[in-house]
Protein chains: 2
Amino acid sequence: MNTKEITDKLTEKGLRVTPQRIAIFEAIFKLDNHPTAENIIEYIKRKHPNISTGTVYKVLDSFVENHLLKKVKTENGIMRYDPLLSKHHHLYCIETNKIVDYEDSELDELLLNYFKKKKIKNFKIQDINLQVTGIVKN
Amino acid sequence: MNTKEITDKLTEKGLRVTPQRIAIFEAIFKLDNHPTAENIIEYIKRKHPNISTGTVYKVLDSFVENHLLKKVKTENGIMRYDPLLSKHHHLYCIETNKIVDYEDSELDELLLNYFKKKKIKNFKIQDINLQVTGIVKN
DNA sequence: ATAATTGCAAAAGCTTTGCATGGCC
DNA sequence: GGCCATGCAAAGCTTTTGCAATTAT
């Protein structure tokens, strides 16, 4: 994801292109492990020491609203950010806090069929999300 | 769940029986909708105006550690508490913030079999949890 | 030009902590 | 009596907010 691609994505969504926004976008891809706001701020401050916390939070919110990122909630309540936009689930490593994306349409169909058959009363399903916790092996 | 039952449960776990602990346990059952710490505090203060925030958090932590409650993380990062201890999933209502328990062994088997067949590389599964978001209908 | 974005600092909101006091076993 | 739990208040941490100054279009 280079600067031109980021610029295009922002423009496409009607968002103004600023150095801060580009830096935040880059950081999320470079950091790669569903970073927290703090991770992002720390990373960016190396090159842009003046970026402010408030700005990063505002930009992240706006990216989530504009479907450029997804917000991922975690065990301890700290939010993390995910650039993978297609439907997917997450594997949570309880030892390292790593979050691994898990994408499989067979699983999604399985779940969809299950709930089609089961028919939960008094509840209209909008989204089904699997959280798998365990340990990453090496 | 009456006072005697609560007392027994606490004793069984080697926890001292105090009026605060009993009140907190009662509150969670009376409130019934996976209450937040704040919900619990507000409820208890009607009868026990002197109970302190710190105590409630400490007691809740200790209950979770001793497997008398489960902690439920939510969309916005505020923790909620669940007295249902058997394996189950949650339906999240995005309109009312209600959390409904969903228990079905057929679903659990389905998931278990799926992952037995799929074999995720480099990951040892400990727990599988489904989060279904949608709208409660009346 | 003008409307949106940034930086800064203050504050909010939930949760944790330390310590003296009090209560349970 | 001894140890554990409570109350209180302070502080911690993540996130939000308000506003003047700056910047993108």
# chains A, B, ... in the order shown; residues from 1 in each chain; ligands from 1
>>> closest_atom_pairs(of="chain B", to="chain A", cutoff="6 Å", atoms="only C-alpha atoms", output="JSON lines")
{"residue": "B:Gly77", "atom": "CA", "partner": "A:Gly77", "partner_atom": "CA", "distance": 4.2}
{"residue": "B:Asn122", "atom": "CA", "partner": "A:Lys137", "partner_atom": "CA", "distance": 4.6}
{"residue": "B:Phe123", "atom": "CA", "partner": "A:Val136", "partner_atom": "CA", "distance": 4.5}
{"residue": "B:Lys124", "atom": "CA", "partner": "A:Ile135", "partner_atom": "CA", "distance": 5.1}
{"residue": "B:Ile125", "atom": "CA", "partner": "A:Gly134", "partner_atom": "CA", "distance": 4.4}
{"residue": "B:Gln126", "atom": "CA", "partner": "A:Gly134", "partner_atom": "CA", "distance": 4.6}
{"residue": "B:Asp127", "atom": "CA", "partner": "A:Thr133", "partner_atom": "CA", "distance": 5.2}
{"residue": "B:Ile128", "atom": "CA", "partner": "A:Val132", "partner_atom": "CA", "distance": 4.6}
{"residue": "B:Asn129", "atom": "CA", "partner": "A:Gln131", "partner_atom": "CA", "distance": 5.0}
{"residue": "B:Leu130", "atom": "CA", "partner": "A:Leu130", "partner_atom": "CA", "distance": 4.6}
{"residue": "B:Gln131", "atom": "CA", "partner": "A:Asn129", "partner_atom": "CA", "distance": 5.0}
{"residue": "B:Val132", "atom": "CA", "partner": "A:Ile128", "partner_atom": "CA", "distance": 4.6}
{"residue": "B:Thr133", "atom": "CA", "partner": "A:Asp127", "partner_atom": "CA", "distance": 5.2}
{"residue": "B:Gly134", "atom": "CA", "partner": "A:Ile125", "partner_atom": "CA", "distance": 4.5}
{"residue": "B:Ile135", "atom": "CA", "partner": "A:Lys124", "partner_atom": "CA", "distance": 5.1}
{"residue": "B:Val136", "atom": "CA", "partner": "A:Phe123", "partner_atom": "CA", "distance": 4.5}
{"residue": "B:Lys137", "atom": "CA", "partner": "A:Asn122", "partner_atom": "CA", "distance": 4.6}
>>> residues_around(residues="Gln20 of chain A", least_positions_apart="2", cutoff="9 Å", atoms="only C-alpha atoms (C1' of nucleotides)", output="list in words")
Val17, Thr18, Ile22, Ala23, Ile24, Phe25, Ile44, His48, Ile51, Thr55, Val56 and Val59 of chain A; DT6 of chain C
>>> write_last_selection(atoms="all heavy atoms", output="mmCIF file, in the first residue's frame")
data_model
loop_
_atom_site.group_PDB
_atom_site.id
_atom_site.type_symbol
_atom_site.label_atom_id
_atom_site.label_comp_id
_atom_site.auth_asym_id
_atom_site.auth_seq_id
_atom_site.Cartn_x
_atom_site.Cartn_y
_atom_site.Cartn_z
ATOM 1 N N VAL A 17 -6.911 14.595 2.119
ATOM 2 C CA VAL A 17 -5.637 13.901 2.240
ATOM 3 C C VAL A 17 -4.677 14.742 3.066
ATOM 4 O O VAL A 17 -4.312 15.842 2.668
ATOM 5 C CB VAL A 17 -5.022 13.648 0.857
ATOM 6 C CG1 VAL A 17 -3.686 12.940 0.988
ATOM 7 C CG2 VAL A 17 -5.988 12.853 -0.013
ATOM 8 N N THR A 18 -4.301 14.236 4.229
ATOM 9 C CA THR A 18 -3.348 14.955 5.084
ATOM 10 C C THR A 18 -2.190 14.025 5.419
ATOM 11 O O THR A 18 -2.348 12.803 5.369
ATOM 12 C CB THR A 18 -4.010 15.402 6.404
ATOM 13 O OG1 THR A 18 -4.317 14.230 7.180
ATOM 14 C CG2 THR A 18 -5.273 16.189 6.153
ATOM 15 N N ILE A 22 -2.210 9.831 6.078
ATOM 16 C CA ILE A 22 -1.362 8.895 5.334
ATOM 17 C C ILE A 22 -0.476 8.111 6.291
ATOM 18 O O ILE A 22 -0.361 6.888 6.199
ATOM 19 C CB ILE A 22 -0.511 9.667 4.293
ATOM 20 C CG1 ILE A 22 -1.445 10.217 3.201
ATOM 21 C CG2 ILE A 22 0.546 8.760 3.679
ATOM 22 C CD1 ILE A 22 -0.757 11.136 2.224
ATOM 23 N N ALA A 23 0.090 8.830 7.263
ATOM 24 C CA ALA A 23 0.970 8.158 8.222
ATOM 25 C C ALA A 23 0.225 7.092 9.013
ATOM 26 O O ALA A 23 0.741 5.999 9.273
ATOM 27 C CB ALA A 23 1.578 9.191 9.167
ATOM 28 N N ILE A 24 -1.000 7.387 9.392
ATOM 29 C CA ILE A 24 -1.782 6.429 10.179
ATOM 30 C C ILE A 24 -2.111 5.200 9.345
ATOM 31 O O ILE A 24 -1.980 4.065 9.793
ATOM 32 C CB ILE A 24 -3.057 7.102 10.721
ATOM 33 C CG1 ILE A 24 -2.680 8.138 11.793
ATOM 34 C CG2 ILE A 24 -4.015 6.076 11.293
ATOM 35 C CD1 ILE A 24 -3.791 9.066 12.205
ATOM 36 N N PHE A 25 -2.500 5.432 8.119
ATOM 37 C CA PHE A 25 -2.791 4.321 7.230
ATOM 38 C C PHE A 25 -1.562 3.435 7.036
ATOM 39 O O PHE A 25 -1.621 2.206 7.159
ATOM 40 C CB PHE A 25 -3.280 4.845 5.881
ATOM 41 C CG PHE A 25 -4.443 4.077 5.337
ATOM 42 C CD1 PHE A 25 -5.664 4.693 5.145
ATOM 43 C CD2 PHE A 25 -4.314 2.737 5.027
ATOM 44 C CE1 PHE A 25 -6.748 3.975 4.647
ATOM 45 C CE2 PHE A 25 -5.389 2.016 4.536
ATOM 46 C CZ PHE A 25 -6.606 2.637 4.351
ATOM 47 N N ILE A 44 4.218 6.180 14.700
ATOM 48 C CA ILE A 44 4.229 7.398 13.897
ATOM 49 C C ILE A 44 5.149 8.467 14.485
ATOM 50 O O ILE A 44 5.796 9.214 13.757
ATOM 51 C CB ILE A 44 2.796 7.948 13.748
ATOM 52 C CG1 ILE A 44 1.961 6.973 12.913
ATOM 53 C CG2 ILE A 44 2.811 9.321 13.095
ATOM 54 C CD1 ILE A 44 0.534 7.369 12.762
ATOM 55 N N HIS A 48 7.072 11.498 12.806
ATOM 56 C CA HIS A 48 6.250 12.715 12.952
ATOM 57 C C HIS A 48 6.012 12.967 14.445
ATOM 58 O O HIS A 48 4.922 12.702 14.941
ATOM 59 C CB HIS A 48 4.891 12.542 12.265
ATOM 60 C CG HIS A 48 4.954 12.106 10.838
ATOM 61 N ND1 HIS A 48 4.749 12.968 9.787
ATOM 62 C CD2 HIS A 48 5.196 10.895 10.273
ATOM 63 C CE1 HIS A 48 4.860 12.308 8.633
ATOM 64 N NE2 HIS A 48 5.132 11.041 8.909
ATOM 65 N N ILE A 51 2.634 14.585 15.973
ATOM 66 C CA ILE A 51 1.257 14.111 15.818
ATOM 67 C C ILE A 51 0.636 13.951 17.200
ATOM 68 O O ILE A 51 1.290 13.559 18.156
ATOM 69 C CB ILE A 51 1.179 12.802 15.019
ATOM 70 C CG1 ILE A 51 -0.244 12.603 14.512
ATOM 71 C CG2 ILE A 51 1.628 11.618 15.878
ATOM 72 C CD1 ILE A 51 -0.350 11.577 13.413
ATOM 73 N N THR A 55 -5.779 13.499 17.490
ATOM 74 C CA THR A 55 -5.875 13.360 16.041
ATOM 75 C C THR A 55 -5.927 11.896 15.625
ATOM 76 O O THR A 55 -6.743 11.509 14.801
ATOM 77 C CB THR A 55 -4.668 14.040 15.352
ATOM 78 O OG1 THR A 55 -4.679 15.415 15.703
ATOM 79 C CG2 THR A 55 -4.739 13.888 13.854
ATOM 80 N N VAL A 56 -5.053 11.090 16.215
ATOM 81 C CA VAL A 56 -5.027 9.681 15.843
ATOM 82 C C VAL A 56 -6.377 9.027 16.141
ATOM 83 O O VAL A 56 -6.936 8.331 15.292
ATOM 84 C CB VAL A 56 -3.889 8.936 16.563
ATOM 85 C CG1 VAL A 56 -3.981 7.444 16.298
ATOM 86 C CG2 VAL A 56 -2.539 9.473 16.104
ATOM 87 N N VAL A 59 -8.923 10.312 13.576
ATOM 88 C CA VAL A 59 -8.711 9.734 12.256
ATOM 89 C C VAL A 59 -9.154 8.268 12.231
ATOM 90 O O VAL A 59 -9.831 7.832 11.300
ATOM 91 C CB VAL A 59 -7.236 9.864 11.835
ATOM 92 C CG1 VAL A 59 -6.959 9.043 10.598
ATOM 93 C CG2 VAL A 59 -6.887 11.331 11.597
ATOM 94 P P DT C 6 -6.216 15.416 10.335
ATOM 95 O OP1 DT C 6 -5.250 14.605 9.585
ATOM 96 O OP2 DT C 6 -7.276 14.801 11.157
ATOM 97 O "O5'" DT C 6 -5.424 16.454 11.251
ATOM 98 C "C5'" DT C 6 -4.409 17.250 10.685
ATOM 99 C "C4'" DT C 6 -3.902 18.205 11.741
ATOM 100 O "O4'" DT C 6 -4.999 19.046 12.147
ATOM 101 C "C3'" DT C 6 -3.374 17.530 13.006
ATOM 102 O "O3'" DT C 6 -1.992 17.833 13.130
ATOM 103 C "C2'" DT C 6 -4.203 18.128 14.145
ATOM 104 C "C1'" DT C 6 -4.875 19.331 13.514
ATOM 105 N N1 DT C 6 -6.264 19.646 13.978
ATOM 106 C C2 DT C 6 -6.508 20.850 14.584
ATOM 107 O O2 DT C 6 -5.641 21.689 14.783
ATOM 108 N N3 DT C 6 -7.822 21.052 14.952
ATOM 109 C C4 DT C 6 -8.880 20.190 14.770
ATOM 110 O O4 DT C 6 -10.018 20.485 15.135
ATOM 111 C C5 DT C 6 -8.553 18.943 14.131
ATOM 112 C C7 DT C 6 -9.638 17.926 13.887
ATOM 113 C C6 DT C 6 -7.277 18.730 13.770
#
>>> atom_distance(atom1="atom C1' of DA11 of chain D", atom2="atom CA of Arg21 of chain B")
25.4 Å
>>> closest_residue(among="C:DG7, C:DG22, C:DT15, C:DT2", to="chain A", atoms="only C-alpha atoms (C1' of nucleotides)")
C:DG7
>>> atom_distance(atom1="atom CA of Glu12 of chain A", atom2="atom C1' of DT25 of chain D")
14.2 Å
>>> interface_residues(of="chain C", to="chain B", cutoff="12 Å", atoms="only C-alpha atoms (C1' of nucleotides)", output="count of residues only")
9
>>> select_by_dssp(residues="chain A", states="alpha helix (DSSP H)", output="ChimeraX atom specification")
/A:3-12,19-31,37-47,53-65,105-118
>>> closest_atom_pairs(of="chain D", to="chain A", cutoff="9 Å", atoms="only C-alpha atoms (C1' of nucleotides)", output="Markdown table")
| residue | atom | partner | partner_atom | distance |
| --- | --- | --- | --- | --- |
| D:DT14 | C1' | A:Ile78 | CA | 7.2 |
| D:DT15 | C1' | A:Tyr57 | CA | 7.7 |
| D:DT16 | C1' | A:Gly54 | CA | 8.1 |
| D:DT23 | C1' | A:Thr18 | CA | 8.5 |
| D:DA24 | C1' | A:Arg16 | CA | 6.6 |
| D:DT25 | C1' | A:Arg16 | CA | 8.0 |
>>> write_last_selection(atoms="N, CA and C atoms (P, O5', C5', C4', C3', O3' and C1' of nucleotides)", output="PDB file, in the first residue's frame")
ATOM      1  P    DT D  14      -3.304   2.188  28.262  1.00  0.00           P
ATOM      2  O5'  DT D  14      -4.650   2.610  27.500  1.00  0.00           O
ATOM      3  C5'  DT D  14      -5.720   1.684  27.483  1.00  0.00           C
ATOM      4  C4'  DT D  14      -6.994   2.386  27.115  1.00  0.00           C
ATOM      5  C3'  DT D  14      -7.024   2.968  25.694  1.00  0.00           C
ATOM      6  O3'  DT D  14      -8.155   2.411  25.044  1.00  0.00           O
ATOM      7  C1'  DT D  14      -7.758   4.569  27.281  1.00  0.00           C
ATOM      8  P    DT D  15      -8.439   2.763  23.530  1.00  0.00           P
ATOM      9  O5'  DT D  15      -9.309   4.089  23.679  1.00  0.00           O
ATOM     10  C5'  DT D  15     -10.586   3.987  24.300  1.00  0.00           C
ATOM     11  C4'  DT D  15     -11.193   5.353  24.424  1.00  0.00           C
ATOM     12  C3'  DT D  15     -11.354   6.106  23.096  1.00  0.00           C
ATOM     13  O3'  DT D  15     -12.745   6.230  22.862  1.00  0.00           O
ATOM     14  C1'  DT D  15     -10.545   7.517  24.835  1.00  0.00           C
ATOM     15  P    DT D  16     -13.312   7.143  21.700  1.00  0.00           P
ATOM     16  O5'  DT D  16     -13.615   8.538  22.403  1.00  0.00           O
ATOM     17  C5'  DT D  16     -14.337   8.556  23.627  1.00  0.00           C
ATOM     18  C4'  DT D  16     -14.589   9.983  24.041  1.00  0.00           C
ATOM     19  C3'  DT D  16     -15.067  10.891  22.906  1.00  0.00           C
ATOM     20  O3'  DT D  16     -16.183  11.591  23.417  1.00  0.00           O
ATOM     21  C1'  DT D  16     -13.204  11.852  23.987  1.00  0.00           C
ATOM     22  P    DT D  23       0.209  24.651   8.728  1.00  0.00           P
ATOM     23  O5'  DT D  23      -0.892  23.921   7.850  1.00  0.00           O
ATOM     24  C5'  DT D  23      -1.396  22.656   8.271  1.00  0.00           C
ATOM     25  C4'  DT D  23      -2.460  22.211   7.307  1.00  0.00           C
ATOM     26  C3'  DT D  23      -2.061  22.335   5.833  1.00  0.00           C
ATOM     27  O3'  DT D  23      -2.379  21.104   5.236  1.00  0.00           O
ATOM     28  C1'  DT D  23      -4.165  23.331   6.196  1.00  0.00           C
ATOM     29  P    DA D  24      -1.905  20.707   3.790  1.00  0.00           P
ATOM     30  O5'  DA D  24      -3.312  20.326   3.170  1.00  0.00           O
ATOM     31  C5'  DA D  24      -4.110  19.334   3.804  1.00  0.00           C
ATOM     32  C4'  DA D  24      -5.456  19.251   3.105  1.00  0.00           C
ATOM     33  C3'  DA D  24      -5.379  19.071   1.590  1.00  0.00           C
ATOM     34  O3'  DA D  24      -6.376  18.135   1.218  1.00  0.00           O
ATOM     35  C1'  DA D  24      -6.493  21.107   2.120  1.00  0.00           C
ATOM     36  P    DT D  25      -6.525  17.754  -0.316  1.00  0.00           P
ATOM     37  O5'  DT D  25      -7.629  18.747  -0.845  1.00  0.00           O
ATOM     38  C5'  DT D  25      -8.972  18.587  -0.426  1.00  0.00           C
ATOM     39  C4'  DT D  25      -9.835  19.639  -1.089  1.00  0.00           C
ATOM     40  C3'  DT D  25      -9.691  19.693  -2.612  1.00  0.00           C
ATOM     41  O3'  DT D  25     -10.977  19.622  -3.206  1.00  0.00           O
ATOM     42  C1'  DT D  25      -9.483  21.860  -1.664  1.00  0.00           C
TER      43       DT D  25
END
>>> closest_residue(among="B:Leu15, B:Ser52, B:Ile41, B:Glu26", to="Thr3 of chain B", atoms="only C-alpha atoms")
B:Glu26
>>> atom_distance(atom1="atom CA of Lys30 of chain A", atom2="atom CA of His90 of chain A")
19.2 Å
